[in-house]
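Taking it in order: structure first as structure tokens, then the write-up.
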Amino acid sequence: MMNNHFADIILPLAYKGQFTYALPDEFAGSVRRGSRVLVQLGNRKLYSGIVSRIHNTPPPTRNIRPLLSVLDPEPVVNEIQLKLWSWMAEYYMCSVGEVMKAALPSDLCLEGLAEAPVTEKYKPREETFVRLKEPFSEERLNEILDSLARAPVQLRILTVYLDLAGYIPGGSMQPVRKNLLLREAGAAYGSIDGLLKKGILDLFEMETGRLVDYDRPLEALKELTSEQLRALKELQKIFSDKNTALLHGVTSSGKTELYIHLIDEQLKKGKQVLYLLPEIALTTQIIQRLQKHFGPLTGVYHSRFSNAERVEIWNRVGGLYNARDYKLVIGARSALFLPFRNLGLVIVDEEHDGSYKQQDPAPRYNARDSALVLASLHGARSVLGSASPSIESYYNTLSGKYGLVELKQRYGSVRLPQIILADSREAYRKKLMVSHFTPQLLGAIDNALANNEQVILFQNRRGFSPYLECPECGWILKCVQCAVSLTYHKGIASMVCHYCGYSSSIPSHCGNCGSPGLQTRGFGTEKIEDEIKIVFPSARVARMDQDTTRGKNSFERILRSLEEGQTDILIGTQMISKGLDIENLTVVGILNADNLLNFPDFRAHERSFQLMEQVSGRAGRRTKTGKVVIQTSDPGNRIIRLVLNHDYRNMFKIQMEERKAFNYPPFCRMIRISVKHRDRALLNAFSDFLARDLKAVFGKRILGPEYPPVSQVQLWYIKNILVKLEREQPVSRAKMQISRAIERLMKEKGASSLRISVDVDPY
Ligand code: ADP
Ligand code: ZN
Ligand code: ZN
């Protein structure tokens with residue numbers, strides 16, 4: 001038998017073929033599946049990549065390059081991760097390299113040029129520590145202390161050192177950070193030098209992590225109510241023959257407490273747990289709740305960590321380099337890529353949330369669905385939790401694919417909030433509106449403020465107003481690169497594109513007819529903040545949206561102020577719709593429900609219901625019954641009627657009928673192909689070509705090409721082609737045919753200036 005002479009390497013590129021390299025004998029012992037290695041591609045470029053296969057099959061090309069080096073002593077990626085990556089690449093129709101790019105912390109992805117040596121981006125943090133120069137005897141140490149009688153600063157440093165190091169005669173001592181020692185001793189930077197020169201103390205460097213461990217005392221788990229206990233038992237029963245359960249529990253029913261009990265069970269078995277949340281905005285409160293019970297076993301992973309911190313989290317989940325292990329990981333969608341070794345449970349909280357889906361770039365994956373695959377690769381169980389599950393997941397419980405557990409009561413028998421419909425059109429007509437507020441909402445806020453209770457106001461638009469309009473001719477200022485209006489931001493005195501970030505100054509005159517006096521139309525969170533301050537001048541008002549939470553800790557600050565009762569009224573976008581568990585919050589206002597309902601998407605009604613239920617769920621979670629005021633110009637709207645009664649079942653029923661009638665998921669599988677070109681005519685020609693080609697294979701399953709609601713972004717015109725496939729048919733063949741059709745298109749003259757992206761299960 002020959003030795004293994006070749007290695008296939010995953011490189012961070014969209015190319016779907018293999019990259020095969022020769023495996024020099026010197027590396028044969030140290031390279032395994034999952035190893036990170038350095039290779040050259042083409043004439044100049046160097047990349048780090050991950051070994052996916054080691055084999056003896058010579059590739060067809062003659063000039064096989066050798067691997068240049070092996071970057072780590074152990075593989076950084078494990079077998080299960082490699083399997084997950086290939087599943088994702090195949091399912092979401094992208095390259096494994098694109099999945100790798102999303103999965104690995106960017107500090108583990110090296111790139112460079114052949115001429116210059118490539119260096120690691122991640123550097124372990126080292127700090128200077130202090131220790132005794134020698135293991136002095138107690139007697140000798142006393143002599144030393146005596147000898148320092150004339151050097152009071154040195155004496156102080158030494159005694160403080162002994163104290164911090166936990167000195168007891170004959171016992172072992174802790175390493176002490178130099179900085180800490182000087183601070184505690186109140187000594188200047190150079191004042192330790194004397195002790196070093198005298199050979200009493202010694203400095204040394206030691207690697208320390210960047211991550212802060214929870215070090216407060218742990219709390220015992222809360223005792224579950226009988227209702228919650230019943231749900232826990234049902235979950236456990238489901239897990240004896242199914243892998244996945246849907247936990248449908250009304251807001252504040254104790255879903256999180258149930259998760260905590262499930263986590264505890266797994267950690268006691270020595271298993272790891274992944275807890276996914278749709279947005280980092282949500283994590284703060286949940287993290288605190290979990291850390292109270294699981295302390296330093298709890299790791300957190302999301303995009304706000306620095307690149308170096310992410311490498312350290314990676315290592316602690318993977319148990320690489322003998323770091324202190326994380327057993328429980330809370331994170332946004334990318335946390336599913338961490339190197340779990342023995343997952344026992346995956347929790348997907350707010351499973352219906354659209355932000356589990358990554359839109360751009362590839363892989364355009366749904367973290368919920370991918371996490372279920374990850375769980376099954378580990379032989380782990382999964383819980384999907386929601387107060388208003390996605391139609392797809394609920395459907396899966398009816399078909400028996402998932403188990404279903406329900407929690408219908410709020411903890412402490414607090415009632416679900418009372419929902420009040422406020423007809424904004426009528427209020428406008430009767431001139432009862434104050435700014436954008438109906439009498440019902442004003443009354444509720446008044447009441448809450450009088451009782452020292454808190455209020456949140458929800459508006460799913462940031463900025464001051466979504467557009468400026470000329471009252472004379474109707475002209476609207478649009479983005480120069482996208483087919484959308486620019487949003488007026490008052491605070492920064494700019495017009496901003498929410499698609500590409502372009503911004504410009506505020507026009508004083510109409511760009512069409514030249515008349516002055518452009519008017520703001522519609523309203524966003526910034527305007528609501530302005531006006532609520534005028535209507536309630538003594539209230540303490542805060543705003544939470546993308547614009548006010550850019551700083552690293554800004555979100556926490558706003559949240560803390562709310563928790564501590566420093567904020568009376570919080571205005572926000574969907575950021576405030578989830579997770580918030582504030583005792584004294586009793587009133588929720590939804591300023592414009594019509595916005596949500598009129599969105600052109602087959603999920604708009606489902607989403608509106610979920611969002612309204614979820615925002616409502618923030619009100620009255622402890623003792624007092626909450627009040628929710630929904631402002632709408634269409635109070636008869638069917639979805640709003642269902643929210644009124646918290647009637648999930650009927651929402652589901654109606655949505656299922658509609659989706660069946662118009663053939664949408666869960667009755668079909670959808671794949672969306674986006675074709676983009678800077679030239680409108682060429683885009684039309686190429687997208688027609690592709691659609692014709694696809695129709696020859698798929699017939700009526702092809703819809704489009706059509707312009708999406710925003711038909712141009714950053715100068716690229718966009719057309720979408722939708723493929724609707726039968727649920728029962730295997731999709732892999734269809735995906736192959738789609739890929740072939742795209743390849744055929746790309747061979748057309750001029751097609752190289754197209755951009756094509758494929759989105760499986762689009763959201
Ligand atoms: P959900 O996740 O369903 O919205 P939570 O788990 O956040 O519900 O529970 C709502 C509130 O009630 C939380 O403050 C929680 O700590 C409290 N709670 C729920 N169950 C219990 C329990 N069994 N014992 C004590 N407090 C509980
Ligand atoms: Zn005009
Ligand atoms: Zn733009």
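Ligands are numbered from 1 in the order shown, chains are lettered A, B, ... in the order of the structure tokens, and residues start at 1 in each chain.
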
Query raised in the report: ligand 1: which residues are within 8 Å, counting only C-alpha atoms and all ligand atoms, as a count of residues only?
Result: 27

With a cut-off of 9 Å, could you pull out the residues of chain A touching ligand 3 and give me the nearest pair of atoms for each, distance in Å to one decimal, using only C-alpha atoms and all ligand atoms, ordered by chain and ascending number, as a tab-separated table?
```
residue	atom	partner	partner_atom_place_in_ligand_line	distance
A:Lys478	CA	ligand 3	1 (Zn)	8.2
A:Cys479	CA	ligand 3	1 (Zn)	4.8
A:Val480	CA	ligand 3	1 (Zn)	6.4
A:Gln481	CA	ligand 3	1 (Zn)	4.8
A:Cys482	CA	ligand 3	1 (Zn)	4.2
A:Ala483	CA	ligand 3	1 (Zn)	7.3
A:Val484	CA	ligand 3	1 (Zn)	6.9
A:Ser485	CA	ligand 3	1 (Zn)	8.3
A:Leu486	CA	ligand 3	1 (Zn)	7.7
A:Val496	CA	ligand 3	1 (Zn)	7.9
A:Cys497	CA	ligand 3	1 (Zn)	4.5
A:His498	CA	ligand 3	1 (Zn)	6.6
A:Tyr499	CA	ligand 3	1 (Zn)	5.0
A:Cys500	CA	ligand 3	1 (Zn)	4.1
A:Gly501	CA	ligand 3	1 (Zn)	6.0
A:Tyr502	CA	ligand 3	1 (Zn)	5.3
A:Ser503	CA	ligand 3	1 (Zn)	8.2
A:Gln712	CA	ligand 3	1 (Zn)	8.5
A:Val713	CA	ligand 3	1 (Zn)	6.0
A:Gln714	CA	ligand 3	1 (Zn)	5.7
A:Leu715	CA	ligand 3	1 (Zn)	8.2
```

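Computed from the coordinates, the atom CA of A:Leu262 to atom CA of A:Leu336 distance equals 18.5 Å.
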
Within 10 Å of ligand 2: each chain A residue with its shortest pair, only C-alpha atoms and all ligand atoms, as CSV:
```
residue,atom,partner,partner_atom_place_in_ligand_line,distance
A:Glu469,CA,ligand 2,1 (Zn),7.9
A:Cys470,CA,ligand 2,1 (Zn),4.6
A:Pro471,CA,ligand 2,1 (Zn),6.6
A:Glu472,CA,ligand 2,1 (Zn),4.9
A:Cys473,CA,ligand 2,1 (Zn),4.1
A:Gly474,CA,ligand 2,1 (Zn),5.9
A:Trp475,CA,ligand 2,1 (Zn),5.2
A:Ile476,CA,ligand 2,1 (Zn),8.4
A:His509,CA,ligand 2,1 (Zn),7.8
A:Cys510,CA,ligand 2,1 (Zn),4.6
A:Gly511,CA,ligand 2,1 (Zn),6.6
A:Asn512,CA,ligand 2,1 (Zn),5.0
A:Cys513,CA,ligand 2,1 (Zn),4.1
A:Gly514,CA,ligand 2,1 (Zn),5.9
A:Ser515,CA,ligand 2,1 (Zn),5.6
A:Pro516,CA,ligand 2,1 (Zn),8.1
A:Gly517,CA,ligand 2,1 (Zn),9.3
A:Leu518,CA,ligand 2,1 (Zn),8.1
```

Residue subset to file, keeping N, CA, C and O atoms, as a PDB file, in the first residue's frame:
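Output (selection_14.pdb):
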```
ATOM      1  N   GLU A 469     -41.318  64.819   0.985  1.00  0.00           N
ATOM      2  CA  GLU A 469     -42.096  64.933  -0.245  1.00  0.00           C
ATOM      3  C   GLU A 469     -42.366  66.406  -0.553  1.00  0.00           C
ATOM      4  O   GLU A 469     -42.559  67.218   0.343  1.00  0.00           O
ATOM      5  N   CYS A 470     -42.383  66.710  -1.858  1.00  0.00           N
ATOM      6  CA  CYS A 470     -42.734  68.058  -2.279  1.00  0.00           C
ATOM      7  C   CYS A 470     -44.258  68.178  -2.300  1.00  0.00           C
ATOM      8  O   CYS A 470     -44.930  67.411  -2.998  1.00  0.00           O
ATOM      9  N   PRO A 471     -44.815  69.103  -1.536  1.00  0.00           N
ATOM     10  CA  PRO A 471     -46.273  69.220  -1.491  1.00  0.00           C
ATOM     11  C   PRO A 471     -46.861  69.724  -2.815  1.00  0.00           C
ATOM     12  O   PRO A 471     -48.042  69.533  -3.089  1.00  0.00           O
ATOM     13  N   GLU A 472     -46.026  70.345  -3.633  1.00  0.00           N
ATOM     14  CA  GLU A 472     -46.522  70.876  -4.912  1.00  0.00           C
ATOM     15  C   GLU A 472     -46.634  69.791  -5.973  1.00  0.00           C
ATOM     16  O   GLU A 472     -47.644  69.664  -6.657  1.00  0.00           O
ATOM     17  N   CYS A 473     -45.554  69.014  -6.155  1.00  0.00           N
ATOM     18  CA  CYS A 473     -45.555  68.071  -7.284  1.00  0.00           C
ATOM     19  C   CYS A 473     -45.394  66.609  -6.878  1.00  0.00           C
ATOM     20  O   CYS A 473     -45.403  65.725  -7.729  1.00  0.00           O
ATOM     21  N   GLY A 474     -45.215  66.349  -5.571  1.00  0.00           N
ATOM     22  CA  GLY A 474     -45.124  64.953  -5.140  1.00  0.00           C
ATOM     23  C   GLY A 474     -43.752  64.325  -5.293  1.00  0.00           C
ATOM     24  O   GLY A 474     -43.574  63.122  -5.076  1.00  0.00           O
ATOM     25  N   TRP A 475     -42.764  65.151  -5.636  1.00  0.00           N
ATOM     26  CA  TRP A 475     -41.398  64.636  -5.785  1.00  0.00           C
ATOM     27  C   TRP A 475     -40.874  64.097  -4.458  1.00  0.00           C
ATOM     28  O   TRP A 475     -41.161  64.630  -3.397  1.00  0.00           O
ATOM     29  N   ILE A 476     -40.094  62.993  -4.548  1.00  0.00           N
ATOM     30  CA  ILE A 476     -39.508  62.379  -3.353  1.00  0.00           C
ATOM     31  C   ILE A 476     -38.019  62.214  -3.591  1.00  0.00           C
ATOM     32  O   ILE A 476     -37.609  61.772  -4.665  1.00  0.00           O
ATOM     33  N   HIS A 509     -35.001  72.595  -1.292  1.00  0.00           N
ATOM     34  CA  HIS A 509     -35.986  72.807  -2.351  1.00  0.00           C
ATOM     35  C   HIS A 509     -36.267  71.504  -3.080  1.00  0.00           C
ATOM     36  O   HIS A 509     -35.438  70.599  -3.098  1.00  0.00           O
ATOM     37  N   CYS A 510     -37.422  71.472  -3.724  1.00  0.00           N
ATOM     38  CA  CYS A 510     -37.800  70.305  -4.514  1.00  0.00           C
ATOM     39  C   CYS A 510     -36.827  70.136  -5.679  1.00  0.00           C
ATOM     40  O   CYS A 510     -36.478  71.096  -6.352  1.00  0.00           O
ATOM     41  N   GLY A 511     -36.406  68.889  -5.909  1.00  0.00           N
ATOM     42  CA  GLY A 511     -35.473  68.609  -6.998  1.00  0.00           C
ATOM     43  C   GLY A 511     -36.161  68.619  -8.352  1.00  0.00           C
ATOM     44  O   GLY A 511     -35.514  68.543  -9.397  1.00  0.00           O
ATOM     45  N   ASN A 512     -37.471  68.715  -8.358  1.00  0.00           N
ATOM     46  CA  ASN A 512     -38.217  68.698  -9.611  1.00  0.00           C
ATOM     47  C   ASN A 512     -38.745  70.084  -9.978  1.00  0.00           C
ATOM     48  O   ASN A 512     -38.395  70.633 -11.016  1.00  0.00           O
ATOM     49  N   CYS A 513     -39.536  70.679  -9.092  1.00  0.00           N
ATOM     50  CA  CYS A 513     -40.161  71.959  -9.430  1.00  0.00           C
ATOM     51  C   CYS A 513     -39.521  73.143  -8.706  1.00  0.00           C
ATOM     52  O   CYS A 513     -39.874  74.293  -8.942  1.00  0.00           O
ATOM     53  N   GLY A 514     -38.583  72.855  -7.805  1.00  0.00           N
ATOM     54  CA  GLY A 514     -37.836  73.928  -7.164  1.00  0.00           C
ATOM     55  C   GLY A 514     -38.565  74.612  -6.025  1.00  0.00           C
ATOM     56  O   GLY A 514     -38.014  75.536  -5.410  1.00  0.00           O
ATOM     57  N   SER A 515     -39.783  74.168  -5.688  1.00  0.00           N
ATOM     58  CA  SER A 515     -40.464  74.893  -4.613  1.00  0.00           C
ATOM     59  C   SER A 515     -39.860  74.511  -3.255  1.00  0.00           C
ATOM     60  O   SER A 515     -39.404  73.384  -3.050  1.00  0.00           O
ATOM     61  N   PRO A 516     -39.870  75.450  -2.315  1.00  0.00           N
ATOM     62  CA  PRO A 516     -39.328  75.176  -0.987  1.00  0.00           C
ATOM     63  C   PRO A 516     -40.354  74.442  -0.133  1.00  0.00           C
ATOM     64  O   PRO A 516     -41.466  74.177  -0.580  1.00  0.00           O
ATOM     65  N   GLY A 517     -39.968  74.110   1.060  1.00  0.00           N
ATOM     66  CA  GLY A 517     -40.938  73.562   2.007  1.00  0.00           C
ATOM     67  C   GLY A 517     -41.270  72.100   1.780  1.00  0.00           C
ATOM     68  O   GLY A 517     -42.438  71.715   1.729  1.00  0.00           O
ATOM     69  N   LEU A 518     -40.252  71.266   1.621  1.00  0.00           N
ATOM     70  CA  LEU A 518     -40.501  69.817   1.524  1.00  0.00           C
ATOM     71  C   LEU A 518     -41.060  69.340   2.855  1.00  0.00           C
ATOM     72  O   LEU A 518     -40.678  69.825   3.918  1.00  0.00           O
TER      73      LEU A 518
END
```

Query raised in the report: Per DSSP on the backbone, what are the strand (DSSP E or B) residues of stretch 244-491 of chain A, as a ChimeraX atom specification?
Result: /A:244-249,272-276,298-301,328-331,343-349,357,366,381-386,403-407,418-423,434,437,454-458,465,467-469,476,478,485,487-489
